[in-house]
Amino acid sequence: MTRTITIARRELSSYFYSPIAYVAMTLFLLACGMLFREDFRPGQPAAMRTIFDWMVWLLVFIVPVLCMGLLAQEWASGTIETMMTAPVGESDMVLGKFLGSLLFFVVLLVPTLLYVVLLAIYAQPDYGPIFSGYLGIVLVGSLFISIGLFCSSLTRSQVIAAVSAVAILFVITIVPWWVGARTSLVGFWRSVVEQGVFTRYTDFSKGIVDSANLIFFIATTTVFLFLTVKILESRRWK
Amino acid sequence: MISVSQLTKVYGQTVAVDGVSFDVSKGQIVGFLGPNGAGKSTTLRMLTCYLPPTSGTATVAGFDIFHDSMKVREHLGYLPENVPLYTEMKVTEYLDFRGRLRRMDRETRRKRIDYVIERCWLGSVRRKTIGHLSKGFRQRVGLADALLHNPPVLILDEPTVGLDPAQIRETRKLIRDLGGEHTLLLSTHILPEVEAVCDRAIVIAGGKIVAQGSPDELRASRRMQARVLVECRGPAREVELALSRVSGVSKVEIVNGQTTGGNYITAAVRPKEAYDVREEVARTVIQHGWPLREIRLEHATLEEFFVQVTANQAMASAATEKD
């Protein structure tokens, strides 16, 4: 466990050396600021639903950029060899990288707490949905990070890692939402479409913390982390 | 400290390492010598638990590389080829990170980092970012990392590649100093390196061990006898004939010089095993009245040996491919 934390710490601090992380952070916060205008208007309810819902869309593009280098860079520079010949297990490595990125993601969200402060100054917001909305965003973030990490483990190229991660996130987030909103599906296909990340997430932004949704995000995150560990181990079978 | 038995690694159709066996005893410095693509790095990667062998076994510091991989890695310092490092970190920051990975406590980390920084001459760059360092300094950071936890076994993959001559000398000196206390296995394709630092060399070509022994033993092996070079003035044909009659001489060759005229010629005299023919050769030359300018015993260089064994191996593998 100490090794996982050591790796997570290094990963978190390496974000602050990377220009790409700052660019992604800036774009994310800029877009959030513009979207917050929709929530922050006279006559609107003092809530953050619009911005929370939009954040998921932004993250489809932001998280892959944040995660593209996590392992691809290790493969490309060969540092994976120095890591895996130290007494570090594959799961230490993957979990450490994941936690480091998740922490950075939380750091990325911290400035948006300003919106909560603004709402509190000018109105009486209902803190329940705001809290559940943040919880949901962190869960969505962890799923997206685990997918970004997985894609990064498959290739030496950061570009390929980012593009494939965006593709997967697009398919599991935006496509089901689009299909669900535009067609009248019933039965089996309706329930497939409802597995979409966006559908699952909107419950959180409404203020509903459903254990089914919690389990959905935790389980899918775990699956992708597990797959990433297996990819790292697979160099041994080749 | 390192014991390797029938280690084999197959990538798809290619056999990168083919039944390699050797032992390295405690405190020895062993050079792993071979041309590029001979299977050196693959062997080292198996010993450091980065890649599992296809078959065969090895133990490092008494632990099996397959079943006790974590223990092996704890007792091992490894400098990979090309020295991959996290370039955005500072030197001390990186070493501290590596120390934490090895679960060294704060006090030990501080002491060991100071020690390896001094040992690897990193004092002037300890607060610099690794990405801004020259190749030579990066190599030393890698070496410092390998030494950090004071491992009994050090495995260095081409530790002097890309360094300038002064740095190469410093690094070799450091390696020699580390011998005795640590067991070292280092790979190289540079021969003088083996002669300069190693107690023993293992020559590998085409994934197989083609020779092993101390540099002296390799030189003394049958294929690589010494020869006596005689420079004198005389008719080449007669000189050749006269010298080949000297007892203990197996073969005489005129390596340069004209067959006619009064110019100096050089004859290479190959003695039979364990004969020193210099006195007899000199006497013969003088007796014939040929002015003698130089007589010199030339030891075979490891270079020749290396070229010879690796060329043989390449020819052998080409031949089997034809079959």
# chains A, B, ... in the order shown; residues from 1 in each chain; ligands from 1

call {"tool": "residues_around", "arguments": {"residues": "Phe137 of chain B", "least_positions_apart": "4", "cutoff": "10 Å", "atoms": "only C-alpha atoms", "output": "list of chain:residue names"}}
result
B:Val91, B:Cys120, B:Trp121, B:Leu122, B:Val125, B:Ile130, B:His132, B:Leu133, B:Val141, B:Gly142, B:Leu143, B:Leu163, B:Gln167

call {"tool": "closest_atom_pairs", "arguments": {"of": "chain A", "to": "chain B", "cutoff": "10 Å", "atoms": "only C-alpha atoms", "output": "CSV"}}
result
residue,atom,partner,partner_atom,distance
A:Thr2,CA,B:Arg103,CA,7.7
A:Arg3,CA,B:Leu101,CA,5.3
A:Thr4,CA,B:Leu101,CA,8.7
A:Ile5,CA,B:Leu101,CA,9.4
A:Thr6,CA,B:Leu101,CA,6.6
A:Ile7,CA,B:Leu101,CA,7.9
A:Arg9,CA,B:Phe97,CA,9.2
A:Arg10,CA,B:Phe97,CA,7.5
A:Ser13,CA,B:Met89,CA,9.2
A:Ser14,CA,B:Glu88,CA,6.9
A:Tyr15,CA,B:Glu88,CA,9.8
A:Phe16,CA,B:Glu88,CA,9.8
A:Tyr17,CA,B:Glu88,CA,6.7
A:Ser18,CA,B:Glu88,CA,8.4
A:Gln73,CA,B:Tyr86,CA,9.9
A:Glu74,CA,B:Tyr86,CA,8.9
A:Ala76,CA,B:Pro84,CA,9.6
A:Ser77,CA,B:Pro84,CA,6.0
A:Gly78,CA,B:Pro84,CA,5.3
A:Thr79,CA,B:Pro84,CA,4.8
A:Ile80,CA,B:Pro84,CA,8.3
A:Glu81,CA,B:Tyr50,CA,6.7
A:Thr82,CA,B:Pro84,CA,7.0
A:Met83,CA,B:Arg98,CA,8.9
A:Met84,CA,B:Tyr50,CA,6.2
A:Thr85,CA,B:Tyr50,CA,5.8
A:Ala86,CA,B:Arg73,CA,5.4
A:Pro87,CA,B:Arg73,CA,5.2
A:Val88,CA,B:Leu101,CA,7.2
A:Gly89,CA,B:Met70,CA,8.2
A:Glu233,CA,B:Leu51,CA,9.9
A:Arg235,CA,B:Leu51,CA,7.3
A:Arg236,CA,B:Leu51,CA,5.7
A:Trp237,CA,B:Pro52,CA,8.0
A:Lys238,CA,B:Tyr11,CA,7.0

call {"tool": "write_last_selection", "arguments": {"atoms": "C-alpha atoms", "output": "short mmCIF file (atom, residue, chain, number, x, y, z; two decimals), in the first residue's frame"}}
result
data_model
loop_
_atom_site.label_atom_id
_atom_site.label_comp_id
_atom_site.auth_asym_id
_atom_site.auth_seq_id
_atom_site.Cartn_x
_atom_site.Cartn_y
_atom_site.Cartn_z
CA THR A 2 2.84 2.41 0.78
CA ARG A 3 4.13 1.78 -2.74
CA THR A 4 0.75 2.64 -4.23
CA ILE A 5 0.72 5.90 -2.31
CA THR A 6 4.30 6.68 -3.32
CA ILE A 7 3.40 6.19 -6.97
CA ARG A 9 2.12 11.09 -5.05
CA ARG A 10 4.65 11.09 -7.84
CA SER A 13 3.10 16.03 -8.68
CA SER A 14 4.11 15.17 -12.25
CA TYR A 15 0.80 16.65 -13.43
CA PHE A 16 1.93 20.00 -12.16
CA TYR A 17 5.01 19.82 -14.39
CA SER A 18 3.01 19.02 -17.48
CA GLN A 73 4.77 7.47 -21.68
CA GLU A 74 6.19 4.78 -19.43
CA ALA A 76 7.74 4.95 -24.69
CA SER A 77 10.50 6.17 -22.38
CA GLY A 78 11.22 2.75 -20.88
CA THR A 79 10.66 3.90 -17.31
CA ILE A 80 8.26 0.98 -16.94
CA GLU A 81 11.37 -1.19 -16.87
CA THR A 82 12.89 0.66 -13.94
CA MET A 83 9.56 0.45 -12.15
CA MET A 84 8.88 -3.21 -12.77
CA THR A 85 12.39 -4.26 -11.80
CA ALA A 86 12.02 -2.50 -8.46
CA PRO A 87 9.90 -4.41 -5.96
CA VAL A 88 6.69 -2.91 -7.36
CA GLY A 89 3.75 -5.03 -8.40
CA GLU A 233 1.20 -8.36 -16.92
CA ARG A 235 4.26 -8.40 -21.44
CA ARG A 236 5.15 -11.57 -19.58
CA TRP A 237 3.18 -13.82 -21.90
CA LYS A 238 4.49 -12.37 -25.13
#

call {"tool": "select_by_dssp", "arguments": {"residues": "segment 25-248 of chain B", "states": "alpha helix (DSSP H)", "output": "PyMOL selection string"}}
result
chain B and resi 40-47+69-74+91-101+106-119+135-147+165-178+191-197+215-220+236-244

call {"tool": "atom_distance", "arguments": {"atom1": "atom CA of Thr42 of chain B", "atom2": "atom CA of Lys9 of chain B"}}
result
7.7 Å

call {"tool": "decode", "arguments": {"residues": "segment 2-32 of chain A", "atoms": "N, CA and C atoms", "output": "JSON list (two decimals), in the first residue's frame"}}
result
[["chain", "number", "residue", "atom", "x", "y", "z"],
["A", 2, "THR", "N", 1.97, 1.23, 0.78],
["A", 2, "THR", "CA", 2.84, 2.41, 0.78],
["A", 2, "THR", "C", 3.38, 2.69, -0.62],
["A", 3, "ARG", "N", 3.61, 1.59, -1.38],
["A", 3, "ARG", "CA", 4.13, 1.78, -2.74],
["A", 3, "ARG", "C", 3.09, 2.44, -3.62],
["A", 4, "THR", "N", 1.83, 2.02, -3.46],
["A", 4, "THR", "CA", 0.75, 2.64, -4.23],
["A", 4, "THR", "C", 0.70, 4.13, -3.95],
["A", 5, "ILE", "N", 0.80, 4.48, -2.68],
["A", 5, "ILE", "CA", 0.72, 5.90, -2.31],
["A", 5, "ILE", "C", 1.92, 6.66, -2.84],
["A", 6, "THR", "N", 3.11, 6.02, -2.77],
["A", 6, "THR", "CA", 4.30, 6.68, -3.32],
["A", 6, "THR", "C", 4.12, 6.98, -4.80],
["A", 7, "ILE", "N", 3.59, 5.99, -5.54],
["A", 7, "ILE", "CA", 3.40, 6.19, -6.97],
["A", 7, "ILE", "C", 2.32, 7.25, -7.22],
["A", 8, "ALA", "N", 1.26, 7.21, -6.42],
["A", 8, "ALA", "CA", 0.19, 8.19, -6.58],
["A", 8, "ALA", "C", 0.72, 9.61, -6.35],
["A", 9, "ARG", "N", 1.55, 9.76, -5.33],
["A", 9, "ARG", "CA", 2.12, 11.09, -5.05],
["A", 9, "ARG", "C", 2.96, 11.59, -6.20],
["A", 10, "ARG", "N", 3.79, 10.68, -6.74],
["A", 10, "ARG", "CA", 4.65, 11.09, -7.84],
["A", 10, "ARG", "C", 3.80, 11.49, -9.06],
["A", 11, "GLU", "N", 2.75, 10.71, -9.28],
["A", 11, "GLU", "CA", 1.89, 10.97, -10.44],
["A", 11, "GLU", "C", 1.21, 12.32, -10.30],
["A", 12, "LEU", "N", 0.71, 12.57, -9.09],
["A", 12, "LEU", "CA", 0.02, 13.85, -8.86],
["A", 12, "LEU", "C", 0.98, 15.02, -9.09],
["A", 13, "SER", "N", 2.20, 14.89, -8.54],
["A", 13, "SER", "CA", 3.10, 16.03, -8.68],
["A", 13, "SER", "C", 3.56, 16.17, -10.13],
["A", 14, "SER", "N", 3.65, 15.05, -10.86],
["A", 14, "SER", "CA", 4.11, 15.17, -12.25],
["A", 14, "SER", "C", 3.08, 15.91, -13.11],
["A", 15, "TYR", "N", 1.81, 15.88, -12.70],
["A", 15, "TYR", "CA", 0.80, 16.65, -13.43],
["A", 15, "TYR", "C", 1.13, 18.13, -13.41],
["A", 16, "PHE", "N", 1.67, 18.57, -12.29],
["A", 16, "PHE", "CA", 1.93, 20.00, -12.16],
["A", 16, "PHE", "C", 3.15, 20.45, -12.95],
["A", 17, "TYR", "N", 3.89, 19.47, -13.52],
["A", 17, "TYR", "CA", 5.01, 19.82, -14.39],
["A", 17, "TYR", "C", 4.59, 19.78, -15.85],
["A", 18, "SER", "N", 3.37, 19.29, -16.10],
["A", 18, "SER", "CA", 3.01, 19.02, -17.48],
["A", 18, "SER", "C", 2.16, 20.15, -18.05],
["A", 19, "PRO", "N", 2.59, 20.74, -19.16],
["A", 19, "PRO", "CA", 1.81, 21.84, -19.75],
["A", 19, "PRO", "C", 0.43, 21.37, -20.21],
["A", 20, "ILE", "N", 0.35, 20.12, -20.66],
["A", 20, "ILE", "CA", -0.92, 19.63, -21.17],
["A", 20, "ILE", "C", -1.98, 19.62, -20.08],
["A", 21, "ALA", "N", -1.55, 19.28, -18.87],
["A", 21, "ALA", "CA", -2.50, 19.27, -17.76],
["A", 21, "ALA", "C", -3.05, 20.68, -17.51],
["A", 22, "TYR", "N", -2.16, 21.67, -17.60],
["A", 22, "TYR", "CA", -2.62, 23.04, -17.38],
["A", 22, "TYR", "C", -3.57, 23.48, -18.47],
["A", 23, "VAL", "N", -3.26, 23.10, -19.72],
["A", 23, "VAL", "CA", -4.14, 23.46, -20.83],
["A", 23, "VAL", "C", -5.52, 22.83, -20.63],
["A", 24, "ALA", "N", -5.53, 21.54, -20.29],
["A", 24, "ALA", "CA", -6.80, 20.85, -20.09],
["A", 24, "ALA", "C", -7.57, 21.48, -18.94],
["A", 25, "MET", "N", -6.84, 21.82, -17.88],
["A", 25, "MET", "CA", -7.47, 22.43, -16.71],
["A", 25, "MET", "C", -8.10, 23.78, -17.08],
["A", 26, "THR", "N", -7.33, 24.56, -17.82],
["A", 26, "THR", "CA", -7.83, 25.88, -18.22],
["A", 26, "THR", "C", -9.10, 25.76, -19.06],
["A", 27, "LEU", "N", -9.04, 24.88, -20.06],
["A", 27, "LEU", "CA", -10.21, 24.71, -20.93],
["A", 27, "LEU", "C", -11.42, 24.26, -20.13],
["A", 28, "PHE", "N", -11.18, 23.33, -19.23],
["A", 28, "PHE", "CA", -12.28, 22.79, -18.43],
["A", 28, "PHE", "C", -12.92, 23.89, -17.59],
["A", 29, "LEU", "N", -12.07, 24.67, -16.91],
["A", 29, "LEU", "CA", -12.61, 25.70, -16.03],
["A", 29, "LEU", "C", -13.25, 26.84, -16.82],
["A", 30, "LEU", "N", -12.69, 27.15, -17.97],
["A", 30, "LEU", "CA", -13.25, 28.18, -18.83],
["A", 30, "LEU", "C", -14.66, 27.77, -19.28],
["A", 31, "ALA", "N", -14.75, 26.53, -19.75],
["A", 31, "ALA", "CA", -16.05, 26.03, -20.22],
["A", 31, "ALA", "C", -17.03, 25.99, -19.05],
["A", 32, "CYS", "N", -16.56, 25.56, -17.89],
["A", 32, "CYS", "CA", -17.44, 25.51, -16.72],
["A", 32, "CYS", "C", -17.96, 26.90, -16.37]]
